[in-house]
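Working notes, structure below.
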Amino acid sequence: MTGNLPMRLGTAACLAVSGYVHAELYVHGYRVIPFVGPAFLVQAGGSFAIAVLLALGGPVLLRLAAAGLALGALGGFAVSRTVGLFGFTEHGLQPAPEALVSLLAEAAVLVLLGVSHLLARRRRETPGAVA
Amino acid sequence: MTAREGAADEPGPEGMTRRQLLRHTAWFGAAVVLTVAGGEVVSHIAGPSGAAADDDPHALRFVQISDSHLGFKGSANTAVEESFSHALGQINALPYRPAFVMHTGDLTHLATPAQFDQVRQMMSGLRTGQVLTVPGEHDSIDDTGQKYREVFGAGTAGDGWYSFDVQGVHFISLVNTLSLEKLGHLGNDQLEFVRKDVAKLPADTPIVVFSHIPLFAMYPAWGWGTDDATQALSYLRRFSSVTCLNGHVHQLFTKTEGNVTFHSATTTAYPLPQPGTRPAPTPVTLPAGKLGEARGIREVAYRPGNPGLAVKDVRLA
């Protein structure tokens with residue numbers, strides 16, 4: 001098993017929340033937007049899948065995938081508020097409250113992954129520490 | 001431990017044992033399978049999309065074309081009439097008969113009677129229930145839209161605005177090109193028309209608004225916006241689905257603001273630069289063979305019971 005249980009379950013829960021927000025937006029209209037619609041579907045499906053597997057205790061590869069999904073969603077959010085994502089733009093924290101919920105969930109995924117990585121490294125570096 | 005098991009635990013050249021490789025492959029496979037399954041479930045919940053609506057006899061389908069500029073002479077497109085004819089042929093070749101075809105303005109380049117006559121004749125060959133238009137600023141160059149309205153103004157109010165209903169969807173066609181200073185402008189009479197037009201509609205009525213110039217601030221420095229659009233959109237705030245379809249900018253662009261989704265259409269004639277990439281929005285001459293990619297038609301489908309419209313932009317073949 002990889003990482004400690006509360007951290008892993010927390011990461012999985014935050015990722016699932018991000019997936020849920022993307023799925024909800026996809027169902028309620030975003031699916032008609034070229035490129036953005038399919039991207040939301042992939043984000044939702046991928047987030048649910050990685051969340052389940054993380055909860056079951058996947059290897060480091062899955063934690064990297066979780067980080068990739070969170071970074072991808074945050075990057076897409078930033079691009080859609082600046083230069084536009086394939087011609088699609090939005091303003092601020094619209095749609096509310098989904099945009100804010102998604103941002104917080106994805107930031108939390110990255111924080112939790114970072115903290116669990118640091119904890120794991122400290123355990124490896126501390127002789128005699130119990131994992 | 002058997003020799004076979006020993007080999008499985010032996011690290012490979014990249015430091016991973018066969019057992020670890022198998023384990024990773026299993027997790028990766030599970031991730032892929034679950035991702036596909038999750039995507040399937042979500043898209044199933046979402047219901048049929050635009051593509052599926054193509055096969056639905058109850059779906060409302062219409063086509064938007066824009067910015068044909070008949071009469072334009074320039075290196076950006078030396079045969080705009082041919083391009084327009086090509087676009088019309090592509091519409092007639094669709095596997096369904098659209099309820100209507102909407103041209104969102106700049107039908108002509110210089111608003112001459114001959115250009116209006118030519119565009120009217122060409123569009124009369126469309127295989128559709130109805131041909132509808134809104135004027136662009138090129139259609140009202142010297143007469144605030146008088147010649148445009150003589151050809152396309154039947155059944156419209158004010159300076160050419162109107163609304164209609166098809167299969168439960170309420171359509172509003174606005175004119176924001178007549179009182180141009182820098183940005184598009186609707187004016188008080190038209191704003192009052194919008195307010196009264198939607199006053200009695202239930203909030204779950206899907207609303208589609210056509211205009212030539214965008215109703216959102218796409219790039220105000222080039223006049224790509226409408227100065228009093230906020231007022232018009234405030235009357236539509238209570239509706240669950242509002243879709244604004246415009247032309248003018250000769251390129252695809254989508255954005256959402258609250259309950260409103262804006263879709264700028266591309267042209268059938270020639271491209272304009274992306275906002276801010278050149279000093280002015282003048283026609284762009286593309287390398288040989290690239291012009292087709294910049295032009296297109298837009299198919300729109302609405303399936304009763306769905307929250308919004310499915311918009312599909314198709315290049316000129």
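We label chains A, B, ... in the order they appear in the structure tokens, count residues from 1 in each chain, and number ligands from 1 in the order shown.
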What are the residues of chain A lining chain B at 8 Å or less? Count only C-alpha atoms, and put the answer as a compact mmCIF listing (two decimals) with C-alpha atoms, in the first residue's frame.
# COMPACT_ATOMS: atom_id res chain seq x y z
CA ALA A 23 -19.54 15.93 -14.92
CA TYR A 26 -20.85 18.67 -18.88
CA VAL A 27 -24.40 17.39 -18.37
CA HIS A 28 -25.83 20.91 -17.94
CA GLY A 29 -24.64 22.46 -21.15
CA ARG A 31 -21.04 19.29 -23.73
CA VAL A 32 -22.07 21.44 -26.70
CA ILE A 33 -18.90 23.53 -26.55
CA PRO A 34 -16.31 22.32 -29.06
CA LEU A 41 -16.02 14.42 -20.03
CA VAL A 42 -12.46 13.06 -19.97
CA ALA A 44 -14.82 13.69 -15.10
CA GLY A 45 -14.26 10.07 -16.13
CA GLY A 46 -10.55 10.20 -15.32
CA SER A 47 -11.10 11.84 -11.95
CA PHE A 48 -13.69 9.26 -10.87
CA ALA A 49 -11.45 6.39 -12.01
CA ILE A 50 -8.29 7.64 -10.30
CA LEU A 53 -8.15 3.42 -7.50
CA GLY A 58 -2.76 2.45 -6.06
CA PRO A 59 0.94 2.93 -6.77
CA LEU A 61 1.72 6.16 -10.97
CA LEU A 62 -1.85 6.91 -9.87
CA PHE A 86 -9.69 26.88 -28.22
CA GLY A 87 -11.78 30.03 -28.52
CA PHE A 88 -13.65 29.49 -25.24
CA THR A 89 -13.45 32.07 -22.47
CA GLU A 90 -15.15 32.66 -19.16
CA HIS A 91 -14.86 35.37 -16.53
CA GLN A 94 -18.31 31.81 -13.21
CA PRO A 95 -20.15 29.49 -13.26
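Near Leu112 (chain A), within a cut-off of 10 Å and counting only C-alpha atoms, sit the residues Pro6, Met7, Arg8, Leu9, Gly10, Thr11, Ala12, Cys14, Ala67, Glu106, Ala107, Ala108, Ser116, His117 and Leu118 of chain A, with same-chain residues fewer than 4 positions away left out.
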Subject >> Residue neighbourhood Pro206 (chain B), 12 Å, only C-alpha atoms, exclusion window fewer than 3 positions, as a PyMOL selection string >> reply: chain B and resi 60+165-172+198+201-203+209+236-244+259-261+302-309
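Taking CA of Glu81 (chain B) and CA of Thr128 (chain B) as endpoints, the distance between them is 20.1 Å.
As for CA of Leu103 (chain A) and CA of Glu24 (chain A), they are spaced 14.8 Å apart.
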Original post:
Please, which residues of region 83-314 of chain B, numbered as in this document, come out alpha helix (DSSP H) from DSSP, as a PyMOL selection string?
Top reply: chain B and resi 83-92+113-123+146-152+188-199+229-234+291-294
Take the selection from the previous step and output its residues with C-alpha atoms, as a PDB file, in the first residue's frame.
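In the end it all went to part_30.pdb:
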ATOM      1  CA  SER B  83     -17.507  30.406 -51.744  1.00  0.00           C
ATOM      2  CA  PHE B  84     -21.065  31.392 -50.843  1.00  0.00           C
ATOM      3  CA  SER B  85     -22.446  29.057 -53.469  1.00  0.00           C
ATOM      4  CA  HIS B  86     -20.254  26.311 -52.028  1.00  0.00           C
ATOM      5  CA  ALA B  87     -21.622  26.957 -48.531  1.00  0.00           C
ATOM      6  CA  LEU B  88     -25.200  26.833 -49.805  1.00  0.00           C
ATOM      7  CA  GLY B  89     -24.451  23.562 -51.588  1.00  0.00           C
ATOM      8  CA  GLN B  90     -23.064  22.136 -48.360  1.00  0.00           C
ATOM      9  CA  ILE B  91     -26.288  23.081 -46.547  1.00  0.00           C
ATOM     10  CA  ASN B  92     -28.395  21.483 -49.275  1.00  0.00           C
ATOM     11  CA  PRO B 113     -29.119  46.708 -55.152  1.00  0.00           C
ATOM     12  CA  ALA B 114     -27.315  44.249 -57.458  1.00  0.00           C
ATOM     13  CA  GLN B 115     -25.523  42.582 -54.532  1.00  0.00           C
ATOM     14  CA  PHE B 116     -28.771  42.276 -52.547  1.00  0.00           C
ATOM     15  CA  ASP B 117     -30.508  40.829 -55.590  1.00  0.00           C
ATOM     16  CA  GLN B 118     -27.714  38.320 -56.107  1.00  0.00           C
ATOM     17  CA  VAL B 119     -27.679  37.147 -52.484  1.00  0.00           C
ATOM     18  CA  ARG B 120     -31.489  36.854 -52.424  1.00  0.00           C
ATOM     19  CA  GLN B 121     -31.492  34.770 -55.586  1.00  0.00           C
ATOM     20  CA  MET B 122     -28.712  32.518 -54.375  1.00  0.00           C
ATOM     21  CA  MET B 123     -30.371  31.903 -51.018  1.00  0.00           C
ATOM     22  CA  GLN B 146     -33.195  50.897 -46.312  1.00  0.00           C
ATOM     23  CA  LYS B 147     -32.171  48.659 -49.249  1.00  0.00           C
ATOM     24  CA  TYR B 148     -31.651  45.725 -46.903  1.00  0.00           C
ATOM     25  CA  ARG B 149     -35.172  46.051 -45.521  1.00  0.00           C
ATOM     26  CA  GLU B 150     -36.670  46.345 -49.017  1.00  0.00           C
ATOM     27  CA  VAL B 151     -35.301  42.879 -49.769  1.00  0.00           C
ATOM     28  CA  PHE B 152     -35.280  41.145 -46.366  1.00  0.00           C
ATOM     29  CA  ASN B 188     -34.093  52.148 -26.661  1.00  0.00           C
ATOM     30  CA  ASP B 189     -36.820  51.065 -29.083  1.00  0.00           C
ATOM     31  CA  GLN B 190     -35.220  47.690 -29.633  1.00  0.00           C
ATOM     32  CA  LEU B 191     -34.466  47.210 -25.934  1.00  0.00           C
ATOM     33  CA  GLU B 192     -38.127  47.862 -25.206  1.00  0.00           C
ATOM     34  CA  PHE B 193     -39.048  45.350 -27.907  1.00  0.00           C
ATOM     35  CA  VAL B 194     -36.895  42.692 -26.193  1.00  0.00           C
ATOM     36  CA  ARG B 195     -38.323  43.469 -22.765  1.00  0.00           C
ATOM     37  CA  LYS B 196     -41.928  43.151 -23.946  1.00  0.00           C
ATOM     38  CA  ASP B 197     -41.162  40.194 -26.222  1.00  0.00           C
ATOM     39  CA  VAL B 198     -39.967  37.929 -23.424  1.00  0.00           C
ATOM     40  CA  ALA B 199     -42.104  39.318 -20.589  1.00  0.00           C
ATOM     41  CA  ALA B 229     -26.194  44.638 -24.787  1.00  0.00           C
ATOM     42  CA  THR B 230     -26.051  44.342 -20.988  1.00  0.00           C
ATOM     43  CA  GLN B 231     -29.486  45.925 -20.799  1.00  0.00           C
ATOM     44  CA  ALA B 232     -30.920  43.489 -23.352  1.00  0.00           C
ATOM     45  CA  LEU B 233     -29.335  40.506 -21.621  1.00  0.00           C
ATOM     46  CA  SER B 234     -30.718  41.626 -18.247  1.00  0.00           C
ATOM     47  CA  LEU B 291      -8.720  29.432 -46.903  1.00  0.00           C
ATOM     48  CA  GLY B 292     -11.206  26.545 -46.647  1.00  0.00           C
ATOM     49  CA  GLU B 293     -10.171  25.894 -43.048  1.00  0.00           C
ATOM     50  CA  ALA B 294     -11.144  29.410 -42.009  1.00  0.00           C
TER      51      ALA B 294
END
Subject >> Neighbour list for Gly76 (chain A) as a list in words, cut-off 12 Å, only C-alpha atoms, skip fewer than 2 positions in-chain >> reply: His22, Phe35, Val36, Ala39, Phe40, Gln43, Gly68, Leu69, Ala70, Leu71, Gly72, Ala73, Leu74, Ala78, Val79, Ser80, Arg81, Thr82, Val83, Gly84, Leu85, Phe86, Phe88, Thr89, Glu90, Ala99, Ser102, Leu103 and Glu106 of chain A
Based on the selection just made, write C-alpha atoms of those residues as a PDB file, in the first residue's frame.
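The new file result20.pdb reads:
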ATOM      1  CA  HIS A  22     -16.908  18.628 -14.330  1.00  0.00           C
ATOM      2  CA  PHE A  35     -13.214  20.728 -27.457  1.00  0.00           C
ATOM      3  CA  VAL A  36     -14.171  21.967 -23.968  1.00  0.00           C
ATOM      4  CA  ALA A  39     -12.353  17.657 -22.261  1.00  0.00           C
ATOM      5  CA  PHE A  40     -14.815  17.973 -19.371  1.00  0.00           C
ATOM      6  CA  GLN A  43     -11.707  15.055 -16.821  1.00  0.00           C
ATOM      7  CA  GLY A  68      -1.904  15.591 -13.699  1.00  0.00           C
ATOM      8  CA  LEU A  69      -5.702  15.761 -13.649  1.00  0.00           C
ATOM      9  CA  ALA A  70      -5.694  18.491 -10.999  1.00  0.00           C
ATOM     10  CA  LEU A  71      -3.007  20.502 -12.794  1.00  0.00           C
ATOM     11  CA  GLY A  72      -4.774  20.038 -16.122  1.00  0.00           C
ATOM     12  CA  ALA A  73      -8.059  21.324 -14.710  1.00  0.00           C
ATOM     13  CA  LEU A  74      -6.372  24.300 -13.024  1.00  0.00           C
ATOM     14  CA  ALA A  78      -6.434  29.753 -16.035  1.00  0.00           C
ATOM     15  CA  VAL A  79      -6.254  29.623 -19.844  1.00  0.00           C
ATOM     16  CA  SER A  80     -10.040  30.036 -20.241  1.00  0.00           C
ATOM     17  CA  ARG A  81      -9.821  33.216 -18.117  1.00  0.00           C
ATOM     18  CA  THR A  82      -6.898  34.694 -20.032  1.00  0.00           C
ATOM     19  CA  VAL A  83      -6.086  33.889 -23.647  1.00  0.00           C
ATOM     20  CA  GLY A  84      -8.995  31.496 -24.164  1.00  0.00           C
ATOM     21  CA  LEU A  85      -9.122  27.731 -24.537  1.00  0.00           C
ATOM     22  CA  PHE A  86      -9.694  26.884 -28.217  1.00  0.00           C
ATOM     23  CA  PHE A  88     -13.654  29.486 -25.243  1.00  0.00           C
ATOM     24  CA  THR A  89     -13.446  32.069 -22.473  1.00  0.00           C
ATOM     25  CA  GLU A  90     -15.154  32.660 -19.156  1.00  0.00           C
ATOM     26  CA  ALA A  99     -15.840  27.101 -10.539  1.00  0.00           C
ATOM     27  CA  SER A 102     -13.604  22.815  -8.489  1.00  0.00           C
ATOM     28  CA  LEU A 103     -10.649  25.152  -7.876  1.00  0.00           C
ATOM     29  CA  GLU A 106      -8.043  20.569  -7.294  1.00  0.00           C
TER      30      GLU A 106
END
**OP:** Find the distance between CA of Ser68 (chain B) and CA of Gly247 (chain B) and write it in Å to one decimal.
**Re:** 10.2 Å
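For the residues B:Glu82, B:Asp142, B:Asp227, B:Glu299, ranking by smallest atom-to-atom distance to Leu94 (chain B) using only C-alpha atoms places B:Glu299 first.
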Subject >> DSSP strand (DSSP E or B) selection over region 46-202 of chain B, as an NGL selection string >> reply: :B and (60-65 or 70 or 100-103 or 108 or 131-133 or 157 or 161-166 or 169-173 or 184)
Original post:
For Leu70 (chain B), which of B:Ile207, B:Leu110, B:Leu272, B:Ala99 is the closest residue, counting only C-alpha atoms?
Top reply: B:Leu110
